[in-house]
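Asker: This is the structure I want to talk about, given as structure tokens.
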Amino acid sequence: MKRRISWMHGVAAGAFVLAMACGTQKQTTATTDKALAQSFDKEFVDAGAQYKVLAKDLPADKFPKTYFPTTGKHEYSNSGWWCSGFYPGTLLYIYEQTKDQALYTEAMRILEPLKKEQYNKSTHDLGFMMFCSFGTANRLQPKPEYKEILINSAKSLCTRFDPKVGCIKSWDSKKPEFLVIIDNMMNLELLFWATQVTGDSSYYKIAVTHANTTIKNHFRPDYSSYHVINYNPETGAVQQKRTAQGFADESAWARGQAWGLYGFTVMYRATKDKKYLDQANHIANYYLTHPNLPADKVPYWDFNAPDIPNAKRDASAAAITAAALLELQGYVDAGKAKVYTDAATTMLRSLSSAAYKAPAGTNGGFIIEHCVGHLPAKSEVDVPLTYADYYYVEAMKRYKDLSK
Ligand code: GLY
């Protein structure tokens with residue numbers, strides 16, 4: 001981790017620092033629905049009330065995962081589960097909008113048992129776990145301790161990078177295989193942040209190499225993505241392209257498409273390399289023009305689910321996609337910006353409607369209903385999920401920011 005930022009061309013490095021410092025949007029081209037944006041003030045208040053319900057029964061040192069409406073039971077996790085950063089991250093986003101101190105206090109409480117994950121080298125999910133939580137906390141109130149935790153997290157994540165494969169390993173395996181999932185694109189933002197604050201370009205370089213390998217191997221000609229690529233750990237050659245959470249190896253798992261879209265949008269923000277913008281635009285085009293995308297723009301859990309139109313929807317994919325499109329619209333021409341902003345408007349309107357937003361006090365305190373975690377494993381089907389809430393509140397914040 002010793003190489004400095006000097007390997008980047010001066011202009012590119014300048015653009016990188018500027019791009020990261022500016023956060024998400026140019027805020028020039030979007031036409032948002034101002035009334036919808038205003039209604040989000042109340043949505044944030046409602047979300048805060050829900051998260052107090054969620055917090056009430058949360059056992060100490062446990063993290064909310066989901067809730068089963070049929071049994072009325074929560075499922076919690078420990079801090080090592082990939083979703084542990086979403087609860088504090090969501091609390092902080094809602095606090096930012098409502099200034100409700102109780103939410104900030106709860107976020108600070110739950111960050112304590114999460115801290116130790118900075119040294120976790122057994123997962124690729126450190127971006128989700130640490131950047132959505134400590135990254136957000138540090139944005140709101142920078143602290144040297146947060147910075148140290150985030151840099152250690154980035155270092156831990158980099159231990160999973162293999163230059164032969166050109167990727168960060170997603171899942172450990174006892175077999176001779178090196179498994180990478182499209183979701184892993186979401187962990188790269190942490191690495192860009194680490195280069196920005198340390199001046200050490202190693203993190204940046206790993207992120208770029210991982211993204212380039214992903215472009216090469218994870219996408220089909222129509223820009224839909226495979227969920228899992230199995231690489232030969234000795235040679236880096238692709239051994240298999242398959243799914244884990246989707247309907248079939250050749251299907252388009254909805255959340256995977258959303259992770260790719262969000263990930264390549266961040267890649268463009270951080271590097272200003274047009275190939276990442278092109279990739280994000282292609283993914284958006286696949287998603288938004290798909291004949292199986294319903295009118296409310298909340299996708300079925302897999303674009304190729306065999307029982308469409310009776311297949312379950314995945315509201316989490318819609319929330320992630322809305323957040324991504326609201327950033328991507330700031331990087332494209334006015335025509336595309338309108339398409340993306342209009343689509344995100346529809347997604348957010350749908351998620352905020354009674355069709356997906358839980359009535360007050362229900363849903364175990366989660367905000368959004370009707371998500372799918374892992375349908376082939378019959379796990380988390382038609383339930384709330386922490387990341388649906390996180391990306392929903394992030395998308396609402398982005399929408400509000402664009403509407404100012
Ligand atoms: N990263 C796992 C998922 O999206 O379900």
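Each chain of the structure tokens is named A, B, ... in the order shown, its residues numbered from 1; ligands are numbered from 1 in display order.
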Got a sec to check which residues lie within 9 Å of ligand 1, using only C-alpha atoms and all ligand atoms, and send them as a ChimeraX atom specification?
Answerer: /A:82-83,125,128,181-184,186,245,255-256,259,316-317,372-374,387
Asker: So that I have them on file, write out the residues from the current selection with all heavy atoms, as a short mmCIF file (atom, residue, chain, number, x, y, z; two decimals), in the first residue's frame.
Answerer:
```cif
data_model
loop_
_atom_site.label_atom_id
_atom_site.label_comp_id
_atom_site.auth_asym_id
_atom_site.auth_seq_id
_atom_site.Cartn_x
_atom_site.Cartn_y
_atom_site.Cartn_z
N TRP A 82 -23.29 -9.37 5.86
CA TRP A 82 -23.00 -8.33 4.87
C TRP A 82 -23.88 -7.10 4.99
O TRP A 82 -23.53 -6.03 4.51
CB TRP A 82 -23.06 -8.91 3.45
CG TRP A 82 -24.44 -9.18 2.90
CD1 TRP A 82 -25.21 -10.28 3.11
CD2 TRP A 82 -25.20 -8.34 2.03
NE1 TRP A 82 -26.40 -10.18 2.43
CE2 TRP A 82 -26.42 -8.99 1.75
CE3 TRP A 82 -24.97 -7.09 1.43
CZ2 TRP A 82 -27.41 -8.46 0.92
CZ3 TRP A 82 -25.95 -6.54 0.61
CH2 TRP A 82 -27.16 -7.22 0.36
N CYS A 83 -25.01 -7.23 5.68
CA CYS A 83 -25.97 -6.12 5.77
C CYS A 83 -25.80 -5.26 7.02
O CYS A 83 -26.62 -4.37 7.26
CB CYS A 83 -27.39 -6.67 5.74
SG CYS A 83 -27.77 -7.56 4.23
N ASP A 125 -17.63 -7.85 1.50
CA ASP A 125 -18.74 -6.92 1.69
C ASP A 125 -18.39 -5.72 2.55
O ASP A 125 -19.29 -5.02 3.05
CB ASP A 125 -19.93 -7.67 2.31
CG ASP A 125 -20.59 -8.59 1.30
OD1 ASP A 125 -20.77 -8.16 0.15
OD2 ASP A 125 -20.90 -9.74 1.66
N PHE A 128 -20.15 -2.36 1.74
CA PHE A 128 -21.51 -2.29 2.28
C PHE A 128 -21.47 -2.06 3.79
O PHE A 128 -22.16 -1.20 4.34
CB PHE A 128 -22.24 -3.61 2.04
CG PHE A 128 -22.71 -3.86 0.64
CD1 PHE A 128 -22.33 -5.02 -0.04
CD2 PHE A 128 -23.58 -2.99 0.00
CE1 PHE A 128 -22.80 -5.29 -1.32
CE2 PHE A 128 -24.04 -3.25 -1.28
CZ PHE A 128 -23.65 -4.40 -1.94
N ILE A 181 -18.78 -12.03 -7.56
CA ILE A 181 -20.18 -11.73 -7.89
C ILE A 181 -20.33 -10.26 -8.27
O ILE A 181 -19.53 -9.42 -7.85
CB ILE A 181 -21.14 -12.12 -6.73
CG1 ILE A 181 -20.84 -11.35 -5.44
CG2 ILE A 181 -21.06 -13.62 -6.47
CD1 ILE A 181 -21.87 -11.62 -4.33
N ILE A 182 -21.34 -9.99 -9.08
CA ILE A 182 -21.53 -8.61 -9.59
C ILE A 182 -21.71 -7.63 -8.43
O ILE A 182 -21.29 -6.48 -8.51
CB ILE A 182 -22.71 -8.55 -10.59
CG1 ILE A 182 -22.81 -7.18 -11.26
CG2 ILE A 182 -24.04 -8.90 -9.94
CD1 ILE A 182 -21.70 -6.84 -12.21
N ASP A 183 -22.27 -8.09 -7.33
CA ASP A 183 -22.50 -7.26 -6.14
C ASP A 183 -21.21 -6.58 -5.66
O ASP A 183 -21.24 -5.53 -5.03
CB ASP A 183 -23.04 -8.10 -4.97
CG ASP A 183 -23.99 -9.21 -5.36
OD1 ASP A 183 -23.87 -9.73 -6.48
OD2 ASP A 183 -24.83 -9.58 -4.54
N ASN A 184 -20.09 -7.23 -5.96
CA ASN A 184 -18.79 -6.76 -5.47
C ASN A 184 -18.44 -5.36 -6.00
O ASN A 184 -17.62 -4.65 -5.42
CB ASN A 184 -17.71 -7.77 -5.89
CG ASN A 184 -16.50 -7.75 -4.97
OD1 ASN A 184 -16.29 -6.82 -4.23
ND2 ASN A 184 -15.70 -8.80 -5.04
N MET A 186 -20.08 -2.92 -5.65
CA MET A 186 -20.54 -1.95 -4.64
C MET A 186 -19.49 -1.67 -3.56
O MET A 186 -19.64 -0.72 -2.80
CB MET A 186 -21.82 -2.46 -3.97
CG MET A 186 -22.99 -2.60 -4.91
SD MET A 186 -23.56 -1.05 -5.61
CE MET A 186 -24.37 -0.28 -4.22
N GLN A 245 -28.25 -16.41 -6.85
CA GLN A 245 -29.52 -15.91 -6.34
C GLN A 245 -30.56 -15.65 -7.42
O GLN A 245 -31.69 -15.27 -7.11
CB GLN A 245 -29.28 -14.64 -5.52
CG GLN A 245 -28.69 -14.95 -4.15
CD GLN A 245 -28.11 -13.74 -3.45
OE1 GLN A 245 -26.90 -13.58 -3.36
NE2 GLN A 245 -28.97 -12.88 -2.93
N ARG A 255 -31.63 -7.72 -8.78
CA ARG A 255 -30.75 -6.94 -7.91
C ARG A 255 -29.32 -6.90 -8.44
O ARG A 255 -28.60 -5.92 -8.25
CB ARG A 255 -30.79 -7.43 -6.47
CG ARG A 255 -30.23 -6.40 -5.51
CD ARG A 255 -30.60 -6.59 -4.05
NE ARG A 255 -30.28 -7.89 -3.53
CZ ARG A 255 -31.16 -8.85 -3.29
NH1 ARG A 255 -32.44 -8.64 -3.53
NH2 ARG A 255 -30.80 -10.02 -2.83
N GLY A 256 -28.93 -7.96 -9.12
CA GLY A 256 -27.59 -7.96 -9.73
C GLY A 256 -27.46 -6.85 -10.76
O GLY A 256 -26.42 -6.19 -10.86
N TRP A 259 -27.04 -3.65 -8.78
CA TRP A 259 -25.69 -3.47 -8.22
C TRP A 259 -24.72 -3.02 -9.31
O TRP A 259 -23.86 -2.15 -9.09
CB TRP A 259 -25.18 -4.76 -7.61
CG TRP A 259 -25.83 -5.30 -6.36
CD1 TRP A 259 -26.06 -6.63 -6.09
CD2 TRP A 259 -26.29 -4.59 -5.19
NE1 TRP A 259 -26.63 -6.77 -4.85
CE2 TRP A 259 -26.79 -5.55 -4.27
CE3 TRP A 259 -26.34 -3.23 -4.85
CZ2 TRP A 259 -27.33 -5.18 -3.03
CZ3 TRP A 259 -26.89 -2.88 -3.61
CH2 TRP A 259 -27.36 -3.84 -2.73
N SER A 316 -36.21 -3.97 -3.27
CA SER A 316 -34.83 -3.53 -3.00
C SER A 316 -34.14 -3.16 -4.31
O SER A 316 -33.39 -2.18 -4.36
CB SER A 316 -34.05 -4.61 -2.24
OG SER A 316 -33.60 -5.66 -3.08
N ALA A 317 -34.38 -3.92 -5.36
CA ALA A 317 -33.74 -3.61 -6.66
C ALA A 317 -34.21 -2.25 -7.16
O ALA A 317 -33.42 -1.48 -7.72
CB ALA A 317 -34.05 -4.71 -7.67
N VAL A 372 -37.11 -9.44 -2.20
CA VAL A 372 -36.69 -10.84 -2.31
C VAL A 372 -35.19 -10.91 -2.05
O VAL A 372 -34.41 -10.23 -2.73
CB VAL A 372 -37.02 -11.42 -3.71
CG1 VAL A 372 -36.37 -12.78 -3.89
CG2 VAL A 372 -38.52 -11.51 -3.90
N GLY A 373 -34.80 -11.71 -1.07
CA GLY A 373 -33.38 -11.87 -0.78
C GLY A 373 -32.77 -12.97 -1.64
O GLY A 373 -31.97 -12.71 -2.53
N HIS A 374 -33.18 -14.19 -1.41
CA HIS A 374 -32.57 -15.34 -2.09
C HIS A 374 -33.67 -16.35 -2.38
O HIS A 374 -33.87 -17.29 -1.60
CB HIS A 374 -31.48 -15.92 -1.17
CG HIS A 374 -30.57 -16.91 -1.84
ND1 HIS A 374 -30.95 -17.69 -2.91
CD2 HIS A 374 -29.28 -17.25 -1.58
CE1 HIS A 374 -29.94 -18.46 -3.27
NE2 HIS A 374 -28.91 -18.20 -2.49
N TYR A 387 -31.39 -3.36 3.19
CA TYR A 387 -30.80 -2.57 2.09
C TYR A 387 -31.88 -1.90 1.25
O TYR A 387 -31.60 -0.87 0.62
CB TYR A 387 -29.84 -3.39 1.24
CG TYR A 387 -30.22 -4.82 0.96
CD1 TYR A 387 -30.79 -5.17 -0.25
CD2 TYR A 387 -29.99 -5.82 1.89
CE1 TYR A 387 -31.11 -6.50 -0.53
CE2 TYR A 387 -30.32 -7.15 1.63
CZ TYR A 387 -30.89 -7.48 0.42
OH TYR A 387 -31.22 -8.78 0.16
#
```
Asker: Please identify all polymer residues within 12 Å of A:Ser39, counting only C-alpha atoms, omitting same-chain residues fewer than 6 positions from it, and present them as a list in words.
Answerer: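 Returned residues: Asp33, Val45, Asp46, Leu348, Arg349, Ser352, Ser353, Met396, Lys397, Tyr399, Lys400 and Ser403 of chain A.
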Asker: Deliver the residues from the most recent selection as a file, using N, CA, C and O atoms, as a compact mmCIF listing (two decimals), in the first residue's frame.
Answerer:
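Final output, saved to part-v4.txt:
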```
# COMPACT_ATOMS: atom_id res chain seq x y z
N ASP A 33 -39.94 16.18 -9.86
CA ASP A 33 -41.30 16.57 -9.46
C ASP A 33 -41.17 17.22 -8.07
O ASP A 33 -40.91 16.53 -7.08
N VAL A 45 -39.89 11.62 8.07
CA VAL A 45 -40.44 11.60 9.44
C VAL A 45 -41.07 10.22 9.70
O VAL A 45 -40.84 9.59 10.75
N ASP A 46 -41.83 9.72 8.71
CA ASP A 46 -42.44 8.38 8.85
C ASP A 46 -41.35 7.31 9.01
O ASP A 46 -41.47 6.39 9.82
N LEU A 348 -39.62 5.92 -7.13
CA LEU A 348 -39.80 6.47 -5.78
C LEU A 348 -41.27 6.69 -5.45
O LEU A 348 -41.69 6.51 -4.31
N ARG A 349 -42.03 7.06 -6.47
CA ARG A 349 -43.47 7.21 -6.23
C ARG A 349 -44.07 5.85 -5.86
O ARG A 349 -44.88 5.74 -4.94
N SER A 352 -43.00 4.75 -2.34
CA SER A 352 -43.63 5.58 -1.29
C SER A 352 -45.13 5.35 -1.20
O SER A 352 -45.78 5.92 -0.33
N SER A 353 -45.66 4.56 -2.12
CA SER A 353 -47.12 4.33 -2.12
C SER A 353 -47.46 3.16 -1.20
O SER A 353 -46.58 2.40 -0.76
N MET A 396 -34.25 9.06 -1.86
CA MET A 396 -35.07 10.24 -1.51
C MET A 396 -34.20 11.45 -1.23
O MET A 396 -34.52 12.57 -1.62
N LYS A 397 -33.09 11.22 -0.54
CA LYS A 397 -32.17 12.35 -0.27
C LYS A 397 -31.64 12.92 -1.59
O LYS A 397 -31.61 14.13 -1.79
N TYR A 399 -33.00 12.77 -4.47
CA TYR A 399 -34.11 13.44 -5.18
C TYR A 399 -34.34 14.84 -4.60
O TYR A 399 -34.54 15.81 -5.33
N LYS A 400 -34.32 14.91 -3.28
CA LYS A 400 -34.50 16.22 -2.63
C LYS A 400 -33.38 17.17 -3.02
O LYS A 400 -33.61 18.33 -3.32
N SER A 403 -33.80 18.65 -6.30
CA SER A 403 -35.00 19.50 -6.43
C SER A 403 -34.83 20.86 -5.78
O SER A 403 -35.76 21.67 -5.78
```
Asker: Neighbouring residues of stretch 323-339 of chain A were defined as those with any atom within 10 Å, considering only C-alpha atoms; residues of the same chain fewer than 5 positions away were excluded. Please report them as an mmCIF file with N, CA, C and O atoms, in the first residue's frame.
Answerer:
```
data_model
loop_
_atom_site.group_PDB
_atom_site.id
_atom_site.type_symbol
_atom_site.label_atom_id
_atom_site.label_comp_id
_atom_site.auth_asym_id
_atom_site.auth_seq_id
_atom_site.Cartn_x
_atom_site.Cartn_y
_atom_site.Cartn_z
ATOM 1 N N GLY A 23 -19.154 14.622 -4.354
ATOM 2 C CA GLY A 23 -20.218 13.696 -3.974
ATOM 3 C C GLY A 23 -20.898 13.159 -5.200
ATOM 4 O O GLY A 23 -20.225 12.717 -6.122
ATOM 5 N N THR A 24 -22.189 13.275 -5.290
ATOM 6 C CA THR A 24 -22.889 12.480 -6.271
ATOM 7 C C THR A 24 -23.270 13.209 -7.560
ATOM 8 O O THR A 24 -23.112 12.666 -8.623
ATOM 9 N N GLN A 25 -23.795 14.396 -7.496
ATOM 10 C CA GLN A 25 -24.413 14.926 -8.693
ATOM 11 C C GLN A 25 -23.901 16.287 -9.137
ATOM 12 O O GLN A 25 -23.505 17.103 -8.333
ATOM 13 N N LYS A 26 -23.995 16.513 -10.454
ATOM 14 C CA LYS A 26 -23.747 17.828 -11.016
ATOM 15 C C LYS A 26 -24.935 18.738 -10.753
ATOM 16 O O LYS A 26 -24.820 19.931 -10.706
ATOM 17 N N GLN A 27 -26.092 18.149 -10.675
ATOM 18 C CA GLN A 27 -27.348 18.842 -10.412
ATOM 19 C C GLN A 27 -27.670 19.897 -11.452
ATOM 20 O O GLN A 27 -28.095 21.004 -11.123
ATOM 21 N N THR A 28 -27.465 19.564 -12.720
ATOM 22 C CA THR A 28 -27.746 20.576 -13.734
ATOM 23 C C THR A 28 -28.913 20.216 -14.636
ATOM 24 O O THR A 28 -29.637 21.085 -15.077
ATOM 25 N N THR A 29 -29.089 18.934 -14.903
ATOM 26 C CA THR A 29 -29.984 18.593 -15.990
ATOM 27 C C THR A 29 -31.333 18.006 -15.576
ATOM 28 O O THR A 29 -32.231 17.935 -16.393
ATOM 29 N N ALA A 30 -31.485 17.593 -14.356
ATOM 30 C CA ALA A 30 -32.691 16.855 -13.996
ATOM 31 C C ALA A 30 -33.905 17.765 -13.850
ATOM 32 O O ALA A 30 -33.800 18.899 -13.429
ATOM 33 N N THR A 31 -35.057 17.211 -14.241
ATOM 34 C CA THR A 31 -36.310 17.887 -13.929
ATOM 35 C C THR A 31 -37.069 16.969 -13.009
ATOM 36 O O THR A 31 -37.596 15.940 -13.424
ATOM 37 N N THR A 32 -37.108 17.341 -11.762
ATOM 38 C CA THR A 32 -37.762 16.485 -10.779
ATOM 39 C C THR A 32 -39.180 16.999 -10.527
ATOM 40 O O THR A 32 -39.532 18.115 -10.915
ATOM 41 N N ALA A 258 -29.075 -4.103 -10.699
ATOM 42 C CA ALA A 258 -29.039 -2.845 -9.923
ATOM 43 C C ALA A 258 -27.658 -2.588 -9.328
ATOM 44 O O ALA A 258 -27.140 -1.465 -9.377
ATOM 45 N N TRP A 259 -27.042 -3.646 -8.785
ATOM 46 C CA TRP A 259 -25.688 -3.471 -8.222
ATOM 47 C C TRP A 259 -24.717 -3.016 -9.315
ATOM 48 O O TRP A 259 -23.864 -2.153 -9.089
ATOM 49 N N GLY A 260 -24.819 -3.625 -10.478
ATOM 50 C CA GLY A 260 -23.915 -3.257 -11.586
ATOM 51 C C GLY A 260 -24.112 -1.802 -11.994
ATOM 52 O O GLY A 260 -23.145 -1.056 -12.199
ATOM 53 N N LEU A 261 -25.365 -1.395 -12.106
ATOM 54 C CA LEU A 261 -25.670 -0.017 -12.501
ATOM 55 C C LEU A 261 -25.089 0.981 -11.490
ATOM 56 O O LEU A 261 -24.417 1.950 -11.859
ATOM 57 N N TYR A 262 -25.331 0.722 -10.243
ATOM 58 C CA TYR A 262 -24.847 1.622 -9.191
ATOM 59 C C TYR A 262 -23.311 1.613 -9.181
ATOM 60 O O TYR A 262 -22.655 2.653 -9.111
ATOM 61 N N GLY A 263 -22.732 0.421 -9.280
ATOM 62 C CA GLY A 263 -21.279 0.288 -9.198
ATOM 63 C C GLY A 263 -20.566 1.021 -10.324
ATOM 64 O O GLY A 263 -19.564 1.720 -10.092
ATOM 65 N N PHE A 264 -21.060 0.886 -11.546
ATOM 66 C CA PHE A 264 -20.373 1.551 -12.662
ATOM 67 C C PHE A 264 -20.638 3.057 -12.679
ATOM 68 O O PHE A 264 -19.828 3.827 -13.201
ATOM 69 N N THR A 265 -21.740 3.480 -12.088
ATOM 70 C CA THR A 265 -21.968 4.922 -11.931
ATOM 71 C C THR A 265 -20.929 5.501 -10.975
ATOM 72 O O THR A 265 -20.345 6.566 -11.225
ATOM 73 N N VAL A 266 -20.672 4.800 -9.881
ATOM 74 C CA VAL A 266 -19.635 5.244 -8.937
ATOM 75 C C VAL A 266 -18.263 5.223 -9.631
ATOM 76 O O VAL A 266 -17.440 6.128 -9.430
ATOM 77 N N TYR A 268 -17.602 5.821 -12.664
ATOM 78 C CA TYR A 268 -17.446 7.028 -13.487
ATOM 79 C C TYR A 268 -17.220 8.261 -12.603
ATOM 80 O O TYR A 268 -16.371 9.100 -12.890
ATOM 81 N N ARG A 269 -17.957 8.329 -11.505
ATOM 82 C CA ARG A 269 -17.768 9.474 -10.590
ATOM 83 C C ARG A 269 -16.314 9.566 -10.142
ATOM 84 O O ARG A 269 -15.707 10.631 -10.112
ATOM 85 N N LYS A 272 -13.838 9.409 -13.874
ATOM 86 C CA LYS A 272 -14.195 10.180 -15.073
ATOM 87 C C LYS A 272 -13.759 9.474 -16.357
ATOM 88 O O LYS A 272 -13.604 10.103 -17.406
ATOM 89 N N LEU A 277 -18.913 5.183 -17.793
ATOM 90 C CA LEU A 277 -20.186 5.867 -18.057
ATOM 91 C C LEU A 277 -20.959 5.089 -19.129
ATOM 92 O O LEU A 277 -22.173 4.863 -19.000
ATOM 93 N N ASP A 278 -20.236 4.671 -20.168
ATOM 94 C CA ASP A 278 -20.887 3.877 -21.231
ATOM 95 C C ASP A 278 -21.487 2.609 -20.640
ATOM 96 O O ASP A 278 -22.610 2.226 -20.969
ATOM 97 N N ALA A 280 -22.455 2.018 -17.545
ATOM 98 C CA ALA A 280 -23.631 2.338 -16.726
ATOM 99 C C ALA A 280 -24.829 2.655 -17.620
ATOM 100 O O ALA A 280 -25.954 2.199 -17.349
ATOM 101 N N ASN A 281 -24.596 3.398 -18.706
ATOM 102 C CA ASN A 281 -25.704 3.723 -19.620
ATOM 103 C C ASN A 281 -26.273 2.466 -20.271
ATOM 104 O O ASN A 281 -27.489 2.326 -20.414
ATOM 105 N N ALA A 284 -28.329 0.637 -17.677
ATOM 106 C CA ALA A 284 -29.598 1.360 -17.457
ATOM 107 C C ALA A 284 -30.554 1.094 -18.602
ATOM 108 O O ALA A 284 -31.760 0.869 -18.404
ATOM 109 N N ASN A 285 -30.014 1.101 -19.820
ATOM 110 C CA ASN A 285 -30.856 0.872 -20.994
ATOM 111 C C ASN A 285 -31.455 -0.535 -20.964
ATOM 112 O O ASN A 285 -32.651 -0.722 -21.242
ATOM 113 N N LEU A 288 -34.193 -0.441 -18.112
ATOM 114 C CA LEU A 288 -35.377 0.415 -18.289
ATOM 115 C C LEU A 288 -36.194 0.077 -19.528
ATOM 116 O O LEU A 288 -37.371 0.428 -19.607
ATOM 117 N N ALA A 318 -35.483 -1.944 -6.951
ATOM 118 C CA ALA A 318 -36.001 -0.635 -7.392
ATOM 119 C C ALA A 318 -35.344 0.498 -6.607
ATOM 120 O O ALA A 318 -35.000 1.549 -7.174
ATOM 121 N N ALA A 344 -36.645 7.204 -12.189
ATOM 122 C CA ALA A 344 -36.429 7.231 -10.729
ATOM 123 C C ALA A 344 -37.647 7.829 -10.024
ATOM 124 O O ALA A 344 -38.025 7.387 -8.930
ATOM 125 N N THR A 345 -38.255 8.823 -10.662
ATOM 126 C CA THR A 345 -39.473 9.423 -10.082
ATOM 127 C C THR A 345 -40.559 8.364 -9.930
ATOM 128 O O THR A 345 -41.193 8.246 -8.877
ATOM 129 N N MET A 347 -40.150 5.122 -9.790
ATOM 130 C CA MET A 347 -39.728 4.141 -8.771
ATOM 131 C C MET A 347 -39.997 4.667 -7.369
ATOM 132 O O MET A 347 -40.546 3.965 -6.517
ATOM 133 N N LEU A 348 -39.620 5.918 -7.135
ATOM 134 C CA LEU A 348 -39.796 6.472 -5.781
ATOM 135 C C LEU A 348 -41.267 6.690 -5.454
ATOM 136 O O LEU A 348 -41.686 6.505 -4.307
ATOM 137 N N TYR A 390 -32.286 1.262 3.106
ATOM 138 C CA TYR A 390 -31.114 2.136 2.986
ATOM 139 C C TYR A 390 -31.111 2.871 1.643
ATOM 140 O O TYR A 390 -30.954 4.098 1.577
ATOM 141 N N TYR A 391 -31.284 2.108 0.548
ATOM 142 C CA TYR A 391 -31.198 2.761 -0.766
ATOM 143 C C TYR A 391 -32.441 3.591 -1.069
ATOM 144 O O TYR A 391 -32.374 4.563 -1.833
ATOM 145 N N TYR A 392 -33.557 3.245 -0.431
ATOM 146 C CA TYR A 392 -34.762 4.076 -0.569
ATOM 147 C C TYR A 392 -34.517 5.457 0.055
ATOM 148 O O TYR A 392 -34.775 6.480 -0.580
ATOM 149 N N VAL A 393 -34.003 5.487 1.279
ATOM 150 C CA VAL A 393 -33.785 6.806 1.893
ATOM 151 C C VAL A 393 -32.653 7.553 1.186
ATOM 152 O O VAL A 393 -32.711 8.777 1.038
ATOM 153 N N GLU A 394 -31.654 6.812 0.699
ATOM 154 C CA GLU A 394 -30.600 7.486 -0.076
ATOM 155 C C GLU A 394 -31.179 8.108 -1.350
ATOM 156 O O GLU A 394 -30.862 9.247 -1.710
ATOM 157 N N ALA A 395 -32.041 7.365 -2.027
ATOM 158 C CA ALA A 395 -32.641 7.881 -3.265
ATOM 159 C C ALA A 395 -33.510 9.101 -2.963
ATOM 160 O O ALA A 395 -33.495 10.090 -3.717
ATOM 161 N N MET A 396 -34.246 9.064 -1.858
ATOM 162 C CA MET A 396 -35.073 10.237 -1.514
ATOM 163 C C MET A 396 -34.198 11.448 -1.228
ATOM 164 O O MET A 396 -34.523 12.567 -1.620
ATOM 165 N N LYS A 397 -33.086 11.222 -0.543
ATOM 166 C CA LYS A 397 -32.168 12.346 -0.273
ATOM 167 C C LYS A 397 -31.637 12.920 -1.594
ATOM 168 O O LYS A 397 -31.614 14.132 -1.787
ATOM 169 N N ARG A 398 -31.230 12.023 -2.495
ATOM 170 C CA ARG A 398 -30.716 12.491 -3.781
ATOM 171 C C ARG A 398 -31.785 13.273 -4.546
ATOM 172 O O ARG A 398 -31.500 14.287 -5.175
ATOM 173 N N TYR A 399 -33.001 12.768 -4.468
ATOM 174 C CA TYR A 399 -34.110 13.442 -5.179
ATOM 175 C C TYR A 399 -34.345 14.837 -4.597
ATOM 176 O O TYR A 399 -34.537 15.807 -5.329
ATOM 177 N N ASP A 401 -32.149 16.658 -3.013
ATOM 178 C CA ASP A 401 -31.002 17.501 -3.363
ATOM 179 C C ASP A 401 -31.125 18.045 -4.790
ATOM 180 O O ASP A 401 -30.788 19.202 -5.067
ATOM 181 N N LEU A 402 -31.617 17.200 -5.682
ATOM 182 C CA LEU A 402 -31.773 17.623 -7.074
ATOM 183 C C LEU A 402 -32.904 18.635 -7.240
ATOM 184 O O LEU A 402 -32.954 19.332 -8.251
#
```
Asker: Determine, for each residue of stretch 226-312 of chain A having at least one atom at most 9 Å from an atom of stretch 192-197 of chain A, the closest pair of atoms and their separation in Å to one decimal, counting only C-alpha atoms; order by chain and ascending number, as a tab-separated table.
Answerer:
```
residue	atom	partner	partner_atom	distance
A:Met267	CA	A:Phe192	CA	8.9
A:Ala270	CA	A:Phe192	CA	6.7
A:Thr271	CA	A:Phe192	CA	9.0
```
Asker: What would the file look like if the residues just selected were written as a compact mmCIF listing (two decimals), in the first residue's frame with C-alpha atoms?
Answerer:
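Below is the file part-v3.txt, written as the result:
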```txt
# COMPACT_ATOMS: atom_id res chain seq x y z
CA MET A 267 -16.74 4.13 -11.17
CA ALA A 270 -14.42 8.39 -9.20
CA THR A 271 -12.38 8.13 -12.41
```
Asker: By how many Å are atom CA of A:Asp41 and atom CA of A:Gln97 apart?
Answerer: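 Atom CA of A:Gln97 lies at a distance of 7.5 Å from atom CA of A:Asp41.
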Asker: Show which residues sit within 10 Å of A:Ile168, as an MDAnalysis selection string. Count only C-alpha atoms, and ignore same-chain residues fewer than 3 positions away.
Answerer: chainID A and resid 123:124 157:163 165 171 178:181 184:185 187:188 206:207 209:211
Asker: Fewer than 3 positions away in the same chain doesn't count, so skip those; otherwise give me all residues within 10 Å of A:Leu114, counting only C-alpha atoms, as a ChimeraX atom specification.
Answerer: /A:61-63,78-80,84-85,88,109-111,117-118,129-130,133-134
Asker: When DSSP works through the backbone of this structure, what residues of stretch 313-374 of chain A end up as strand (DSSP E), shown as a PyMOL selection string?
Answerer: chain A and resi 371-374
Asker: Could those selected residues go to a file with N, CA, C and O atoms, as a CSV table (one decimal), in the first residue's frame?
Answerer:
```
chain,number,residue,atom,x,y,z
A,371,CYS,N,-39.7,-7.4,-0.7
A,371,CYS,CA,-38.4,-7.6,-1.3
A,371,CYS,C,-38.1,-9.1,-1.4
A,371,CYS,O,-38.7,-9.9,-0.7
A,372,VAL,N,-37.1,-9.4,-2.2
A,372,VAL,CA,-36.7,-10.8,-2.3
A,372,VAL,C,-35.2,-10.9,-2.1
A,372,VAL,O,-34.4,-10.2,-2.7
A,373,GLY,N,-34.8,-11.7,-1.1
A,373,GLY,CA,-33.4,-11.9,-0.8
A,373,GLY,C,-32.8,-13.0,-1.6
A,373,GLY,O,-32.0,-12.7,-2.5
A,374,HIS,N,-33.2,-14.2,-1.4
A,374,HIS,CA,-32.6,-15.3,-2.1
A,374,HIS,C,-33.7,-16.4,-2.4
A,374,HIS,O,-33.9,-17.3,-1.6
```
Asker: Using the chain letters and numbers from this document, which residues of stretch 227-366 of chain A does DSSP assign to alpha helix (DSSP H), as a count of residues only?
Answerer: 65
